[in-house]
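The file target.cif comes next; it holds mmCIF, C-alpha atoms (C1' of nucleotides) and all ligand atoms.
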```
data_start
#
loop_
_atom_site.label_atom_id
_atom_site.label_comp_id
_atom_site.auth_asym_id
_atom_site.auth_seq_id
_atom_site.Cartn_x
_atom_site.Cartn_y
_atom_site.Cartn_z
CA MET A 1 96.68 92.42 117.81
CA LEU A 2 95.96 89.61 115.46
CA LYS A 3 94.83 91.60 112.50
CA LEU A 4 95.14 91.22 108.78
CA SER A 5 96.60 94.29 107.08
CA LYS A 6 94.53 96.59 104.91
CA LYS A 7 96.52 95.29 101.96
CA ILE A 8 95.18 91.83 102.64
CA GLU A 9 91.70 93.04 103.49
CA TYR A 10 91.46 95.12 100.31
CA GLY A 11 93.04 92.34 98.31
CA ILE A 12 90.51 89.78 99.46
CA GLN A 13 87.59 92.08 98.85
CA ALA A 14 88.87 92.96 95.39
CA LEU A 15 89.27 89.29 94.51
CA GLN A 16 85.78 88.65 95.80
CA TYR A 17 84.54 91.43 93.52
CA MET A 18 86.33 89.91 90.55
CA ALA A 19 84.92 86.50 91.37
CA ASN A 20 81.45 87.98 91.32
CA ASN A 21 82.11 89.56 87.93
CA SER A 22 84.04 86.79 86.34
CA GLY A 23 84.44 86.89 82.62
CA SER A 24 85.07 90.59 82.36
CA VAL A 25 88.25 92.54 82.85
CA ILE A 26 87.88 94.82 85.87
CA SER A 27 89.92 97.97 86.33
CA ALA A 28 91.43 99.12 89.59
CA LYS A 29 89.39 102.27 89.23
CA GLU A 30 86.12 100.37 89.11
CA ILE A 31 86.96 98.31 92.18
CA SER A 32 88.21 101.35 94.02
CA GLU A 33 84.97 103.21 93.35
CA GLN A 34 82.62 100.33 93.93
CA LEU A 35 84.22 99.32 97.21
CA ASN A 36 85.39 102.75 98.38
CA ILE A 37 89.00 101.69 98.62
CA PRO A 38 91.82 104.26 98.12
CA TYR A 39 92.71 103.98 94.44
CA GLU A 40 96.48 104.26 94.59
CA PHE A 41 96.78 101.83 97.44
CA LEU A 42 94.50 99.33 95.76
CA SER A 43 96.46 99.65 92.53
CA LYS A 44 99.64 98.69 94.33
CA THR A 45 97.89 95.75 95.92
CA LEU A 46 96.55 94.48 92.61
CA GLN A 47 99.95 94.86 90.98
CA ILE A 48 101.46 92.60 93.60
CA LEU A 49 98.67 90.06 93.20
CA ASN A 50 99.33 90.13 89.47
CA LYS A 51 103.07 89.74 89.89
CA ASN A 52 102.48 86.71 92.06
CA GLY A 53 100.02 84.93 89.86
CA ILE A 54 96.74 85.43 91.70
CA ILE A 55 95.29 87.67 89.01
CA ILE A 56 96.17 88.43 85.40
CA SER A 57 96.57 91.99 84.21
CA GLN A 58 95.74 93.48 80.87
CA GLN A 59 97.46 96.75 80.18
CA GLY A 60 96.37 99.73 78.13
CA ILE A 61 93.04 101.41 77.81
CA LYS A 62 90.25 98.95 78.48
CA GLY A 63 92.77 97.14 80.64
CA GLY A 64 92.32 95.75 84.10
CA TYR A 65 92.44 92.44 85.88
CA ILE A 66 90.83 89.03 85.91
CA LEU A 67 91.25 86.14 88.29
CA ALA A 68 94.01 83.79 87.28
CA ARG A 69 92.30 80.76 88.75
CA ASP A 70 89.08 79.29 89.98
CA PRO A 71 87.99 81.17 93.14
CA LYS A 72 87.53 77.77 94.76
CA SER A 73 91.23 77.08 94.51
CA THR A 74 92.57 80.42 95.74
CA THR A 75 92.98 80.35 99.50
CA VAL A 76 93.41 83.14 102.00
CA ALA A 77 96.80 81.66 102.87
CA GLU A 78 97.91 82.03 99.26
CA ILE A 79 96.68 85.59 99.10
CA ILE A 80 98.64 86.51 102.21
CA LYS A 81 101.73 84.91 100.76
CA ALA A 82 101.21 86.53 97.37
CA LEU A 83 100.96 89.91 99.06
CA GLU A 84 104.37 89.25 100.53
CA GLU A 85 103.19 89.06 104.06
CA ASN A 86 102.99 86.21 106.44
CA ALA A 87 100.69 84.92 109.09
CA ILE A 88 103.17 83.95 111.76
CA ILE A 89 101.79 84.54 115.24
CA VAL A 90 105.18 84.87 116.97
CA ASP A 91 108.65 85.64 115.61
CA CYS A 92 109.73 82.38 117.11
CA LEU A 93 108.17 80.47 114.23
CA SER A 94 109.72 82.56 111.50
CA ASN A 95 112.42 81.12 109.28
CA ASP A 96 114.81 84.02 109.23
CA GLN A 97 115.24 84.68 112.91
CA GLU A 98 118.72 83.52 113.72
CA ASN A 99 119.10 86.69 115.71
CA CYS A 100 116.36 86.23 118.28
CA ASP A 101 118.09 87.11 121.54
CA ARG A 102 115.74 84.87 123.44
CA ILE A 103 116.30 81.70 121.46
CA ASN A 104 118.27 80.09 124.29
CA PHE A 105 115.49 80.94 126.71
CA CYS A 106 112.64 79.99 124.43
CA THR A 107 109.99 77.80 125.95
CA ILE A 108 107.11 78.61 123.67
CA LYS A 109 108.23 77.37 120.28
CA ASN A 110 106.52 73.99 120.42
CA PRO A 111 103.18 75.01 121.87
CA MET A 112 103.04 78.11 119.68
CA ASN A 113 103.77 75.96 116.69
CA LYS A 114 100.79 73.76 117.45
CA LEU A 115 98.53 76.78 117.55
CA GLN A 116 100.12 78.10 114.38
CA GLU A 117 99.41 74.91 112.51
CA LYS A 118 95.76 75.08 113.43
CA ILE A 119 95.55 78.65 112.18
CA ASN A 120 97.34 77.66 109.00
CA PHE A 121 94.76 74.96 108.48
CA LEU A 122 92.00 77.54 108.62
CA LEU A 123 93.76 79.90 106.23
CA ASN A 124 94.51 77.08 103.84
CA ASN A 125 90.90 76.03 103.83
CA THR A 126 89.20 79.36 103.34
CA THR A 127 88.87 80.27 99.69
CA ILE A 128 87.76 83.27 97.68
CA ALA A 129 84.74 81.26 96.65
CA GLU A 130 83.52 81.32 100.24
CA PHE A 131 83.65 85.10 100.13
CA SER A 132 81.51 85.17 97.03
CA GLU A 133 78.65 83.12 98.38
CA VAL A 134 77.57 85.91 100.69
CA MET B 1 100.59 90.27 109.36
CA LEU B 2 98.73 88.13 111.77
CA LYS B 3 101.02 88.40 114.71
CA LEU B 4 100.54 88.48 118.44
CA SER B 5 102.21 91.46 120.12
CA LYS B 6 105.27 91.12 122.30
CA LYS B 7 103.09 92.01 125.24
CA ILE B 8 101.04 88.92 124.59
CA GLU B 9 104.04 86.76 123.74
CA TYR B 10 105.87 87.80 126.90
CA GLY B 11 102.70 87.50 128.91
CA ILE B 12 102.07 83.95 127.81
CA GLN B 13 105.66 82.90 128.42
CA ALA B 14 105.63 84.49 131.86
CA LEU B 15 102.42 82.71 132.77
CA GLN B 16 103.91 79.48 131.51
CA TYR B 17 106.91 80.11 133.77
CA MET B 18 104.66 80.71 136.75
CA ALA B 19 102.68 77.58 135.97
CA ASN B 20 105.90 75.61 136.03
CA ASN B 21 106.82 77.10 139.39
CA SER B 22 103.44 77.09 140.99
CA GLY B 23 103.30 77.52 144.73
CA SER B 24 105.98 80.18 144.93
CA VAL B 25 105.71 83.89 144.41
CA ILE B 26 107.76 84.89 141.37
CA SER B 27 109.14 88.37 140.85
CA ALA B 28 109.18 90.23 137.56
CA LYS B 29 112.93 90.40 137.90
CA GLU B 30 113.28 86.63 138.07
CA ILE B 31 111.11 86.08 135.02
CA SER B 32 112.85 88.84 133.15
CA GLU B 33 116.25 87.30 133.81
CA GLN B 34 115.26 83.71 133.26
CA LEU B 35 113.50 84.39 129.99
CA ASN B 36 115.60 87.31 128.79
CA ILE B 37 112.66 89.64 128.53
CA PRO B 38 113.11 93.44 129.01
CA TYR B 39 112.38 94.04 132.69
CA GLU B 40 110.42 97.28 132.53
CA PHE B 41 108.26 96.07 129.69
CA LEU B 42 107.54 92.78 131.40
CA SER B 43 106.67 94.59 134.62
CA LYS B 44 104.04 96.60 132.82
CA THR B 45 102.66 93.46 131.26
CA LEU B 46 102.41 91.67 134.58
CA GLN B 47 100.76 94.67 136.19
CA ILE B 48 98.04 94.57 133.58
CA LEU B 49 97.58 90.84 134.01
CA ASN B 50 97.27 91.45 137.74
CA LYS B 51 94.78 94.25 137.32
CA ASN B 52 92.66 92.00 135.16
CA GLY B 53 92.63 88.98 137.39
CA ILE B 54 94.94 86.58 135.57
CA ILE B 55 97.62 86.72 138.25
CA ILE B 56 97.76 87.93 141.85
CA SER B 57 100.41 90.34 142.99
CA GLN B 58 102.14 90.57 146.31
CA GLN B 59 103.81 93.90 146.95
CA GLY B 60 106.85 94.77 148.98
CA ILE B 61 110.17 93.04 149.34
CA LYS B 62 109.83 89.34 148.63
CA GLY B 63 106.86 90.28 146.51
CA GLY B 64 105.95 89.06 143.06
CA TYR B 65 103.19 87.21 141.34
CA ILE B 66 101.33 83.92 141.36
CA LEU B 67 98.73 82.55 139.01
CA ALA B 68 95.21 83.47 140.03
CA ARG B 69 93.73 80.28 138.59
CA ASP B 70 94.39 76.79 137.39
CA PRO B 71 96.53 76.95 134.22
CA LYS B 72 94.03 74.61 132.62
CA SER B 73 91.33 77.23 132.85
CA THR B 74 93.26 80.23 131.58
CA THR B 75 92.95 80.50 127.83
CA VAL B 76 94.97 82.44 125.30
CA ALA B 77 91.80 84.34 124.42
CA GLU B 78 91.47 85.49 128.02
CA ILE B 79 95.09 86.55 128.16
CA ILE B 80 94.70 88.65 125.04
CA LYS B 81 91.60 90.26 126.46
CA ALA B 82 93.23 90.81 129.85
CA LEU B 83 96.14 92.55 128.15
CA GLU B 84 93.63 94.93 126.66
CA GLU B 85 94.16 93.83 123.15
CA ASN B 86 91.93 92.01 120.79
CA ALA B 87 92.21 89.36 118.16
CA ILE B 88 89.97 90.80 115.50
CA ILE B 89 91.23 89.99 112.03
CA VAL B 90 89.52 92.93 110.28
CA ASP B 91 88.14 96.23 111.61
CA CYS B 92 84.86 95.21 110.14
CA LEU B 93 84.23 92.86 113.05
CA SER B 94 85.05 95.36 115.75
CA ASN B 95 82.34 96.76 117.97
CA ASP B 96 83.34 100.38 117.97
CA GLN B 97 83.58 101.07 114.26
CA GLU B 98 80.63 103.25 113.50
CA ASN B 99 82.96 105.37 111.46
CA CYS B 100 84.15 102.85 108.90
CA ASP B 101 83.84 104.72 105.64
CA ARG B 102 83.37 101.49 103.77
CA ILE B 103 80.46 100.14 105.76
CA ASN B 104 78.00 100.78 102.94
CA PHE B 105 80.29 98.99 100.52
CA CYS B 106 81.20 96.14 102.83
CA THR B 107 80.91 92.70 101.34
CA ILE B 108 83.27 90.84 103.63
CA LYS B 109 81.62 91.07 107.01
CA ASN B 110 79.86 87.71 106.91
CA PRO B 111 82.63 85.56 105.47
CA MET B 112 85.24 87.27 107.64
CA ASN B 113 83.08 86.64 110.64
CA LYS B 114 83.01 82.93 109.89
CA LEU B 115 86.79 82.84 109.78
CA GLN B 116 86.96 84.92 112.94
CA GLU B 117 84.77 82.49 114.82
CA LYS B 118 87.01 79.61 113.91
CA ILE B 119 90.05 81.50 115.14
CA ASN B 120 88.22 82.42 118.32
CA PHE B 121 87.50 78.75 118.87
CA LEU B 122 91.22 77.98 118.73
CA LEU B 123 92.13 80.81 121.10
CA ASN B 124 89.40 79.81 123.50
CA ASN B 125 90.63 76.26 123.54
CA THR B 126 94.32 76.80 124.02
CA THR B 127 95.26 77.10 127.67
CA ILE B 128 98.37 77.96 129.66
CA ALA B 129 98.48 74.33 130.72
CA GLU B 130 99.22 73.34 127.14
CA PHE B 131 102.23 75.63 127.21
CA SER B 132 103.54 73.96 130.32
CA GLU B 133 103.51 70.42 129.01
CA VAL B 134 106.38 71.11 126.66
"C1'" DT C 1 114.97 101.88 158.63
"C1'" DT C 2 116.47 99.72 154.67
"C1'" DA C 3 116.08 97.09 150.64
"C1'" DA C 4 113.50 94.88 147.16
"C1'" DT C 5 109.62 94.89 145.17
"C1'" DT C 6 105.08 96.39 142.79
"C1'" DC C 7 102.49 100.49 140.94
"C1'" DG C 8 101.36 104.05 137.66
"C1'" DG C 9 101.92 107.71 134.63
"C1'" DA C 10 104.54 109.87 131.16
"C1'" DT C 11 107.40 109.70 127.44
"C1'" DA C 12 110.68 108.29 123.88
"C1'" DA C 13 112.42 105.37 120.16
"C1'" DC C 14 111.37 102.51 116.66
"C1'" DA C 15 108.86 99.90 113.20
"C1'" DA C 16 105.06 98.89 110.42
"C1'" DT C 17 101.13 100.22 108.08
"C1'" DA C 18 98.57 103.04 105.13
"C1'" DG C 19 98.41 106.18 101.74
"C1'" DT C 20 100.23 109.39 98.04
"C1'" DC C 21 102.80 111.23 94.02
"C1'" DC C 22 104.49 111.06 89.60
"C1'" DG C 23 106.56 109.76 85.43
"C1'" DA C 24 106.89 105.76 82.20
"C1'" DT C 25 104.81 102.19 79.58
"C1'" DT C 26 101.15 99.73 77.31
"C1'" DT C 27 97.21 99.25 74.33
"C1'" DT C 28 92.71 100.39 72.32
"C1'" DT C 29 90.28 103.20 69.41
"C1'" DA C 30 88.85 107.29 67.10
"C1'" DT D 1 98.98 108.48 64.34
"C1'" DA D 2 97.50 110.74 68.31
"C1'" DA D 3 94.87 110.73 72.38
"C1'" DA D 4 92.91 108.52 76.23
"C1'" DA D 5 92.70 105.23 79.85
"C1'" DA D 6 94.73 101.95 81.92
"C1'" DT D 7 98.81 99.29 84.34
"C1'" DC D 8 103.68 99.59 86.16
"C1'" DG D 9 107.17 100.81 89.38
"C1'" DG D 10 109.83 103.46 92.40
"C1'" DA D 11 110.16 106.88 95.81
"C1'" DC D 12 108.19 109.18 99.26
"C1'" DT D 13 105.23 110.84 103.26
"C1'" DA D 14 102.03 110.53 106.97
"C1'" DT D 15 100.09 108.15 110.50
"C1'" DT D 16 99.62 104.76 113.75
"C1'" DG D 17 101.02 101.04 116.65
"C1'" DT D 18 104.45 98.63 119.03
"C1'" DT D 19 108.15 98.25 122.02
"C1'" DA D 20 110.85 100.02 125.42
"C1'" DT D 21 112.37 103.18 129.03
"C1'" DC D 22 112.34 106.55 132.91
"C1'" DC D 23 111.23 107.87 137.37
"C1'" DG D 24 109.01 108.80 141.56
"C1'" DA D 25 105.60 106.76 144.82
"C1'" DA D 26 103.72 103.13 147.59
"C1'" DT D 27 104.18 98.67 149.81
"C1'" DT D 28 106.08 95.22 152.83
"C1'" DA D 29 109.44 91.76 154.83
"C1'" DA D 30 113.35 91.55 157.56
S1 LIG A 201 113.04 81.51 119.34
FE1 LIG A 201 113.01 83.55 120.03
S2 LIG A 201 111.36 83.36 121.45
FE2 LIG A 201 111.29 81.41 120.63
S1 LIG A 202 82.22 97.37 107.92
FE1 LIG A 202 83.90 98.52 107.20
S2 LIG A 202 84.71 97.05 105.81
FE2 LIG A 202 83.14 95.87 106.64
#
```

Let me see the structure of the file written as structure tokens.
Amino acid sequence: MLKLSKKIEYGIQALQYMANNSGSVISAKEISEQLNIPYEFLSKTLQILNKNGIIISQQGIKGGYILARDPKSTTVAEIIKALEENAIIVDCLSNDQENCDRINFCTIKNPMNKLQEKINFLLNNTTIAEFSEV
Amino acid sequence: MLKLSKKIEYGIQALQYMANNSGSVISAKEISEQLNIPYEFLSKTLQILNKNGIIISQQGIKGGYILARDPKSTTVAEIIKALEENAIIVDCLSNDQENCDRINFCTIKNPMNKLQEKINFLLNNTTIAEFSEV
DNA sequence: TTAATTCGGATAACAATAGTCCGATTTTTA
DNA sequence: TAAAAATCGGACTATTGTTATCCGAATTAA
């Protein structure tokens, strides 16, 4: 398993949709219907993206969301972080793992870290804009 | 989430251990104790690696495992595959997903595939040998 | 023949993901 | 000013996937 969650997948596709319709405020309902994504789940996802500055919400009737920034400057890595997930390939490389019961036996931290950094590079260099230019 | 499973993590570390002790047959028990990995779970993992040609088993007392190939030629991608998992970042890119109910709405296949290929390149170019030269 | 090991199938415990429900709040507009 | 359509937020449920364990059988060296 090395899979992005549905939250991230839906989030990216929704941002892509907004990028392709920039200028107008897009509702969760519209995205949900156009992309066939479960409405309630998508709503939650967009709320988190809003809370963390990736998109801007407008409440009330006629409300919805718009991108907070240029699609070129919003990376997949930022989206993952904004959705309160991480892209750490082994627990080993996590910050809050003082309680790993294998830490004194760990022989993979360094090599795994090298691989991690390469993956991070990819995630940091893939932007929403690249999803728009289909 | 973009995490490797414990099966893969343990598998890689076990292979690394074998690479560092090449020449001798290593039992699951020894690896389990040396690396503090749950014995039964590790056993299963090694059995799968054996079945799929990454290591060679020797049964009976004094039995255990040795690497089937040069650590330099065993990649992380192969290990993942041998452990019957995959490293597909979104379902979209999977072979057996005729039943994705978003396929007619899918706008992420191409860009996701580009990212996938870059990740595949990393996994195909990281070998067990690199884990040994700590 | 015994002991230490792999083998293989089933199953259980746990955790994470995915999805839903519902009431409250906001804001436009008729 | 009331209604409608949207976001907000918390709790909750369902489902799936991961991790771990159990146990009996087969294998083989001593
Ligand atoms: S620190 Fe726990 S396995 Fe590396
Ligand atoms: S094919 Fe199902 S989301 Fe791309």

Closest-contact table, chain C side, partner region 24-39 of chain B, 12 Å, counting all atoms listed in the file, as CSV:
```
residue,atom,partner,partner_atom,distance
C:DA4,C1',B:Ser27,CA,10.1
C:DT5,C1',B:Ser27,CA,7.8
C:DT6,C1',B:Ala28,CA,9.1
```

May I have the selected residues written with C-alpha atoms (C1' of nucleotides), as a short mmCIF file (atom, residue, chain, number, x, y, z; two decimals), keeping the file's coordinate frame?
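The result, written out as part-v8.cif:
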```cif
data_model
loop_
_atom_site.label_atom_id
_atom_site.label_comp_id
_atom_site.auth_asym_id
_atom_site.auth_seq_id
_atom_site.Cartn_x
_atom_site.Cartn_y
_atom_site.Cartn_z
"C1'" DA C 4 113.50 94.88 147.16
"C1'" DT C 5 109.62 94.89 145.17
"C1'" DT C 6 105.08 96.39 142.79
#
```

* Do a neighbour search on Ser57 (chain B) at 10 Å with only C-alpha atoms (C1' of nucleotides), toss out local chain neighbours closer than 4 positions, and write the hits as a list in words. => Val25, Ile26, Ser27, Leu46, Gln47, Leu49, Asn50, Lys51, Gly53, Gly63, Gly64, Tyr65, Ile66, Leu67 and Ala68 of chain B; DT6 of chain C

Same residues, C-alpha atoms (C1' of nucleotides), saved as a PDB file, in the coordinates of the input:
```pdb
ATOM      1  CA  VAL B  25     105.710  83.890 144.410  1.00  0.00           C
ATOM      2  CA  ILE B  26     107.760  84.890 141.370  1.00  0.00           C
ATOM      3  CA  SER B  27     109.140  88.370 140.850  1.00  0.00           C
ATOM      4  CA  LEU B  46     102.410  91.670 134.580  1.00  0.00           C
ATOM      5  CA  GLN B  47     100.760  94.670 136.190  1.00  0.00           C
ATOM      6  CA  LEU B  49      97.580  90.840 134.010  1.00  0.00           C
ATOM      7  CA  ASN B  50      97.270  91.450 137.740  1.00  0.00           C
ATOM      8  CA  LYS B  51      94.780  94.250 137.320  1.00  0.00           C
ATOM      9  CA  GLY B  53      92.630  88.980 137.390  1.00  0.00           C
ATOM     10  CA  GLY B  63     106.860  90.280 146.510  1.00  0.00           C
ATOM     11  CA  GLY B  64     105.950  89.060 143.060  1.00  0.00           C
ATOM     12  CA  TYR B  65     103.190  87.210 141.340  1.00  0.00           C
ATOM     13  CA  ILE B  66     101.330  83.920 141.360  1.00  0.00           C
ATOM     14  CA  LEU B  67      98.730  82.550 139.010  1.00  0.00           C
ATOM     15  CA  ALA B  68      95.210  83.470 140.030  1.00  0.00           C
TER      16      ALA B  68
ATOM     17  C1'  DT C   6     105.080  96.390 142.790  1.00  0.00           C
TER      18       DT C   6
END
```

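Put simply, CA of Ile48 (chain B) is 27.1 Å away from CA of Lys118 (chain B).
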
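If you take all atoms listed in the file and a cut-off of 6 Å, the residues of chain A that reach chain D are Gln59, Gly60, Ile61 and Gly63 of chain A.
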
Once chain B is fitted onto chain A by least squares over all its in-order Cα atoms, send the moved chain as a compact mmCIF listing (two decimals) with C-alpha atoms, keeping the file's coordinate frame.
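To be explicit, this is the file written out as result.txt:
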```
# COMPACT_ATOMS: atom_id res chain seq x y z
CA MET B 1 96.61 92.37 117.85
CA LEU B 2 95.93 89.60 115.47
CA LYS B 3 94.81 91.59 112.52
CA LEU B 4 95.13 91.22 108.79
CA SER B 5 96.58 94.29 107.08
CA LYS B 6 94.52 96.57 104.89
CA LYS B 7 96.50 95.28 101.95
CA ILE B 8 95.17 91.83 102.63
CA GLU B 9 91.67 93.03 103.49
CA TYR B 10 91.45 95.10 100.31
CA GLY B 11 93.03 92.32 98.32
CA ILE B 12 90.50 89.76 99.45
CA GLN B 13 87.56 92.08 98.84
CA ALA B 14 88.86 92.95 95.39
CA LEU B 15 89.26 89.29 94.50
CA GLN B 16 85.77 88.65 95.79
CA TYR B 17 84.54 91.44 93.51
CA MET B 18 86.31 89.92 90.53
CA ALA B 19 84.91 86.51 91.35
CA ASN B 20 81.44 87.99 91.30
CA ASN B 21 82.11 89.57 87.92
CA SER B 22 84.05 86.80 86.33
CA GLY B 23 84.46 86.90 82.59
CA SER B 24 85.08 90.62 82.35
CA VAL B 25 88.26 92.56 82.84
CA ILE B 26 87.90 94.83 85.86
CA SER B 27 89.95 97.98 86.35
CA ALA B 28 91.46 99.11 89.62
CA LYS B 29 89.42 102.27 89.26
CA GLU B 30 86.14 100.37 89.13
CA ILE B 31 86.97 98.31 92.19
CA SER B 32 88.22 101.34 94.03
CA GLU B 33 84.99 103.21 93.37
CA GLN B 34 82.64 100.33 93.96
CA LEU B 35 84.23 99.32 97.23
CA ASN B 36 85.40 102.73 98.39
CA ILE B 37 89.01 101.69 98.64
CA PRO B 38 91.84 104.25 98.12
CA TYR B 39 92.74 103.97 94.44
CA GLU B 40 96.51 104.25 94.58
CA PHE B 41 96.79 101.81 97.44
CA LEU B 42 94.52 99.31 95.76
CA SER B 43 96.48 99.62 92.53
CA LYS B 44 99.65 98.65 94.32
CA THR B 45 97.90 95.72 95.92
CA LEU B 46 96.56 94.45 92.61
CA GLN B 47 99.96 94.83 90.98
CA ILE B 48 101.46 92.58 93.60
CA LEU B 49 98.69 90.04 93.21
CA ASN B 50 99.34 90.11 89.48
CA LYS B 51 103.07 89.70 89.88
CA ASN B 52 102.48 86.69 92.07
CA GLY B 53 100.02 84.90 89.87
CA ILE B 54 96.73 85.41 91.70
CA ILE B 55 95.28 87.65 89.01
CA ILE B 56 96.17 88.43 85.40
CA SER B 57 96.59 91.98 84.22
CA GLN B 58 95.76 93.50 80.89
CA GLN B 59 97.51 96.78 80.22
CA GLY B 60 96.45 99.75 78.17
CA ILE B 61 93.11 101.45 77.81
CA LYS B 62 90.30 99.04 78.56
CA GLY B 63 92.79 97.18 80.68
CA GLY B 64 92.34 95.76 84.14
CA TYR B 65 92.44 92.45 85.89
CA ILE B 66 90.84 89.03 85.91
CA LEU B 67 91.24 86.14 88.28
CA ALA B 68 94.02 83.79 87.27
CA ARG B 69 92.28 80.75 88.74
CA ASP B 70 89.06 79.28 89.97
CA PRO B 71 87.97 81.14 93.13
CA LYS B 72 87.52 77.76 94.76
CA SER B 73 91.21 77.07 94.52
CA THR B 74 92.55 80.40 95.75
CA THR B 75 92.97 80.33 99.50
CA VAL B 76 93.39 83.12 102.01
CA ALA B 77 96.78 81.64 102.88
CA GLU B 78 97.89 82.01 99.27
CA ILE B 79 96.66 85.57 99.11
CA ILE B 80 98.61 86.50 102.21
CA LYS B 81 101.71 84.89 100.79
CA ALA B 82 101.20 86.51 97.39
CA LEU B 83 100.95 89.90 99.06
CA GLU B 84 104.35 89.25 100.54
CA GLU B 85 103.16 89.07 104.06
CA ASN B 86 102.98 86.22 106.44
CA ALA B 87 100.67 84.94 109.09
CA ILE B 88 103.16 83.97 111.75
CA ILE B 89 101.78 84.56 115.22
CA VAL B 90 105.18 84.88 116.95
CA ASP B 91 108.66 85.65 115.60
CA CYS B 92 109.74 82.40 117.09
CA LEU B 93 108.17 80.50 114.20
CA SER B 94 109.72 82.59 111.48
CA ASN B 95 112.42 81.18 109.25
CA ASP B 96 114.79 84.09 109.22
CA GLN B 97 115.23 84.71 112.92
CA GLU B 98 118.72 83.58 113.67
CA ASN B 99 119.11 86.72 115.68
CA CYS B 100 116.38 86.25 118.26
CA ASP B 101 118.10 87.11 121.51
CA ARG B 102 115.75 84.87 123.41
CA ILE B 103 116.33 81.70 121.44
CA ASN B 104 118.29 80.09 124.26
CA PHE B 105 115.51 80.94 126.69
CA CYS B 106 112.65 80.02 124.40
CA THR B 107 110.02 77.80 125.93
CA ILE B 108 107.13 78.63 123.64
CA LYS B 109 108.25 77.39 120.27
CA ASN B 110 106.53 74.01 120.41
CA PRO B 111 103.18 75.03 121.86
CA MET B 112 103.06 78.13 119.66
CA ASN B 113 103.78 75.98 116.67
CA LYS B 114 100.80 73.78 117.46
CA LEU B 115 98.54 76.82 117.55
CA GLN B 116 100.12 78.13 114.37
CA GLU B 117 99.39 74.92 112.53
CA LYS B 118 95.75 75.09 113.45
CA ILE B 119 95.53 78.65 112.19
CA ASN B 120 97.32 77.67 109.01
CA PHE B 121 94.74 74.95 108.50
CA LEU B 122 91.96 77.54 108.63
CA LEU B 123 93.73 79.90 106.23
CA ASN B 124 94.48 77.07 103.85
CA ASN B 125 90.88 76.02 103.84
CA THR B 126 89.18 79.34 103.34
CA THR B 127 88.86 80.25 99.68
CA ILE B 128 87.75 83.26 97.67
CA ALA B 129 84.72 81.24 96.65
CA GLU B 130 83.50 81.30 100.23
CA PHE B 131 83.63 85.08 100.13
CA SER B 132 81.49 85.16 97.03
CA GLU B 133 78.63 83.10 98.37
CA VAL B 134 77.54 85.86 100.70
```

* To do: With all atoms listed in the file counted, collect every polymer residue having an atom within 12 Å of ligand LIG 201 (chain A); state the result as an NGL selection string.
  => (:A and (89-113)) or (:B and (6 or 9-10 or 12-14 or 35-37))

* Around (103.5, 78.3, 132.0) in the file's own coordinates, what residues are found within 10 Å if you use only C-alpha atoms (C1' of nucleotides), given back as a PyMOL selection string? -> (chain A and resi 107-108) or (chain B and resi 11-22+67+71+127-134)

* To do: Considering all atoms listed in the file, return as a PyMOL selection string whatever protein or nucleic-acid residues lie within 6 Å of Thr75 (chain B), sequence-local ones (same chain, fewer than 3 positions apart) excluded.
  => chain B and resi 78+124+126-127

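For the set A:Phe121, A:Gln116, A:Asn86, A:Lys7, the residue with the smallest atom-to-atom gap to chain B is A:Asn86, counting all atoms listed in the file.
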
* Return the single residue from A:Ile119, A:Leu83, A:Phe41, A:Asn125 that is closest to chain B, with distances computed using only C-alpha atoms. => A:Ile119

* To do: Please measure the separation of CA of Lys62 (chain A) and C1' of DT28 (chain C), giving the value in Å to one decimal.
  => 6.8 Å

* Using all atoms listed in the file, find the residues of chain C whose closest atom to chain B is at most 12 Å away, then write them as an MDAnalysis selection string. => chainID C and resid 2:9 16:17

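Closest to chain B among A:Leu122, A:Ser73, A:Asn52, A:Thr45 is A:Leu122, based on all atoms listed in the file.
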
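In this structure, CA of Leu42 (chain A) sits 26.7 Å away from CA of Ser5 (chain B).
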
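Distances here use only C-alpha atoms; by that measure, the residue among A:Thr74, A:Ile80, A:Ile54, A:Gly23 closest to chain B is A:Ile80.
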
* Asked: So which one's closest to chain A, B:Ile88, B:Glu40, B:Arg69, B:Val76? Using all atoms listed in the file, please.
  -> B:Ile88
